[in-house]
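These notes concern the structure reproduced below.
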Amino acid sequence: DTGWSAVTAGGRHTCGILADGDIRCWGDNSSGQLAVPASAGPWSVVAAGYVNTCGIHADGKLRCWGNSFFGQTKVPAIAGPWSAVAVGGFHACGISADRELRCWGIGFVGETAALARAGPWRAMAIGTVYMCGILADRE
């Protein structure tokens, strides 16, 4: 099987997942955001931010690479696998298999603070300095 299964665009780079699970990235690499960890695949999810990238392996493990000046590549340890990840300007968030939302990095305007409403979470999206989410009950 050939072709692409996913694509993501960050602030200065783009990445995609090939049908075989390999990630390919192109664009600016000034912060190492194109340097996909060797022997880390196959990948099921990829998310590009401003100066870093995150991906979820097929086994549910999450890894991030690139600039980590604000801790945006320091993935928190969780008991189970990750199901989703999104990357913003200098922060990232993920949804664990138990549908809890976890964020790391810096939140200049509160992006990484605990949200006022607890999960379970279904999906989320991140911009440079904001984030939005959908709860499991679709609110």
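Just so we're on the same page: first chain in the structure tokens is A, next is B, and so on; residues restart at 1 for each chain, and ligands are numbered from 1 in the order they show up.
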I need the residues of stretch 21-131 of chain A that end up classed as strand (DSSP E) by DSSP on the backbone, written out as number ranges by chain. A: 23-27, 43-48, 52-57, 62-66, 82-87, 91-96, 101-105, 121-126, 131
Residue neighbourhood stretch 36-38 of chain A, 8 Å, only C-alpha atoms, exclusion window fewer than 5 positions, as JSON, numbers by chain: {"A": [23, 24, 25, 65]}
Just the residues within 12 Å of A:Trp26, please, counting only C-alpha atoms, with nothing from its chain fewer than 3 positions along; format it as number ranges by chain. A: 7-16, 23, 29-30, 32-36, 48, 53
Nearest to A:Gly94 among A:Ala79, A:Ile106, A:Ile126, A:Ser39, with distances taken over only C-alpha atoms: which residue is it?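 Of the candidates, the smallest distance to A:Gly94 is held by A:Ile126.
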Here is a test: counting only C-alpha atoms, which residue of A:Arg99, A:Arg122, A:Arg138, A:Lys74 is nearest to A:Asn52?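 Of A:Arg99, A:Arg122, A:Arg138, A:Lys74, the one nearest A:Asn52, counting only C-alpha atoms, is A:Lys74.
Rounded to one decimal, atom CA of A:Pro42 and atom CA of A:Gly55 lie 9.9 Å from each other.
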Could you give me, as JSON, numbers by chain, the residues within 12 Å of A:Asp59, counting only C-alpha atoms and dropping anything in the same chain fewer than 6 positions from it? {"A": [21, 40, 41, 42, 43, 44, 45, 80, 81, 82, 83, 97]}
Selected residues, all heavy atoms, written as a short mmCIF file (atom, residue, chain, number, x, y, z; two decimals), in the first residue's frame, please.
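File written: again-v7.cif
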data_model
loop_
_atom_site.label_atom_id
_atom_site.label_comp_id
_atom_site.auth_asym_id
_atom_site.auth_seq_id
_atom_site.Cartn_x
_atom_site.Cartn_y
_atom_site.Cartn_z
N GLY A 21 3.22 3.76 7.87
CA GLY A 21 3.38 4.22 9.24
C GLY A 21 4.59 5.11 9.48
O GLY A 21 4.78 5.58 10.60
N ALA A 40 11.26 4.71 15.84
CA ALA A 40 10.16 4.98 16.76
C ALA A 40 8.80 4.54 16.20
O ALA A 40 7.86 4.42 16.95
CB ALA A 40 10.11 6.46 17.11
N GLY A 41 8.69 4.32 14.90
CA GLY A 41 7.42 4.01 14.27
C GLY A 41 7.02 2.56 14.44
O GLY A 41 7.70 1.82 15.12
N PRO A 42 5.92 2.12 13.85
CA PRO A 42 5.04 2.91 13.00
C PRO A 42 4.18 3.89 13.81
O PRO A 42 3.90 3.66 14.97
CB PRO A 42 4.17 1.87 12.31
CG PRO A 42 4.11 0.74 13.28
CD PRO A 42 5.45 0.73 13.98
N TRP A 43 3.78 4.96 13.14
CA TRP A 43 3.03 6.03 13.76
C TRP A 43 1.57 5.95 13.34
O TRP A 43 1.25 5.57 12.22
CB TRP A 43 3.60 7.38 13.33
CG TRP A 43 5.03 7.55 13.70
CD1 TRP A 43 6.11 7.23 12.93
CD2 TRP A 43 5.55 8.08 14.92
NE1 TRP A 43 7.27 7.53 13.60
CE2 TRP A 43 6.96 8.05 14.82
CE3 TRP A 43 4.98 8.58 16.08
CZ2 TRP A 43 7.79 8.50 15.84
CZ3 TRP A 43 5.80 9.02 17.09
CH2 TRP A 43 7.19 8.98 16.98
N SER A 44 0.67 6.39 14.23
CA SER A 44 -0.75 6.45 13.89
C SER A 44 -1.28 7.88 13.87
O SER A 44 -2.28 8.15 13.22
CB SER A 44 -1.57 5.62 14.89
OG SER A 44 -1.39 6.10 16.21
N VAL A 45 -0.59 8.81 14.57
CA VAL A 45 -1.01 10.21 14.64
C VAL A 45 0.23 11.09 14.59
O VAL A 45 1.25 10.75 15.18
CB VAL A 45 -1.78 10.50 15.96
CG1 VAL A 45 -2.14 11.97 16.06
CG2 VAL A 45 -3.01 9.63 16.08
N GLY A 80 -1.80 4.63 30.75
CA GLY A 80 -2.21 3.92 29.54
C GLY A 80 -1.79 4.62 28.28
O GLY A 80 -1.01 5.58 28.32
N PRO A 81 -2.29 4.19 27.15
CA PRO A 81 -1.90 4.79 25.87
C PRO A 81 -2.59 6.14 25.62
O PRO A 81 -3.57 6.48 26.28
CB PRO A 81 -2.37 3.75 24.85
CG PRO A 81 -3.50 3.05 25.51
CD PRO A 81 -3.16 3.04 26.97
N TRP A 82 -2.05 6.88 24.67
CA TRP A 82 -2.63 8.14 24.21
C TRP A 82 -3.52 7.87 23.01
O TRP A 82 -3.22 7.00 22.19
CB TRP A 82 -1.52 9.11 23.81
CG TRP A 82 -0.66 9.54 24.94
CD1 TRP A 82 0.50 8.94 25.36
CD2 TRP A 82 -0.88 10.64 25.81
NE1 TRP A 82 1.01 9.63 26.44
CE2 TRP A 82 0.19 10.67 26.73
CE3 TRP A 82 -1.86 11.62 25.89
CZ2 TRP A 82 0.30 11.64 27.73
CZ3 TRP A 82 -1.75 12.58 26.89
CH2 TRP A 82 -0.69 12.59 27.79
N SER A 83 -4.59 8.65 22.86
CA SER A 83 -5.46 8.49 21.71
C SER A 83 -5.44 9.69 20.78
O SER A 83 -5.83 9.58 19.62
CB SER A 83 -6.91 8.22 22.16
OG SER A 83 -7.40 9.32 22.92
N ALA A 97 -6.17 7.37 26.72
CA ALA A 97 -7.19 6.37 26.40
C ALA A 97 -8.36 6.42 27.37
O ALA A 97 -9.48 6.07 27.02
CB ALA A 97 -6.57 4.97 26.38
#
Could you list, as number ranges by chain, every residue within 6 Å of A:Trp121, counting only C-alpha atoms and ignoring same-chain residues fewer than 2 positions away? A: 99, 119, 123, 135-136
As an exercise, work out the distance from atom CA of A:Met124 to atom CA of A:Val87 in Å and give it to one decimal place.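 Atom CA of A:Val87 lies 10.3 Å from atom CA of A:Met124.
Counting only C-alpha atoms and comparing A:Ala19, A:Cys64, A:Met131, A:Ala47, the residue that lies closest to A:Ala84 is A:Ala47.
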Two-atom distance - atom CA of A:Ile78, atom CA of A:Cys132 (Å): 21.8 Å
For A:Asp137, which of A:Ala6, A:Ala118, A:Val85, A:Ile95 is the closest residue, counting only C-alpha atoms?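 When distances to A:Asp137 are compared using only C-alpha atoms, the smallest one comes from A:Ala118.
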Using only C-alpha atoms, the residue out of A:Ser31, A:Ser96, A:Cys54, A:Tyr130 with shortest distance to A:Asn67 is A:Ser31
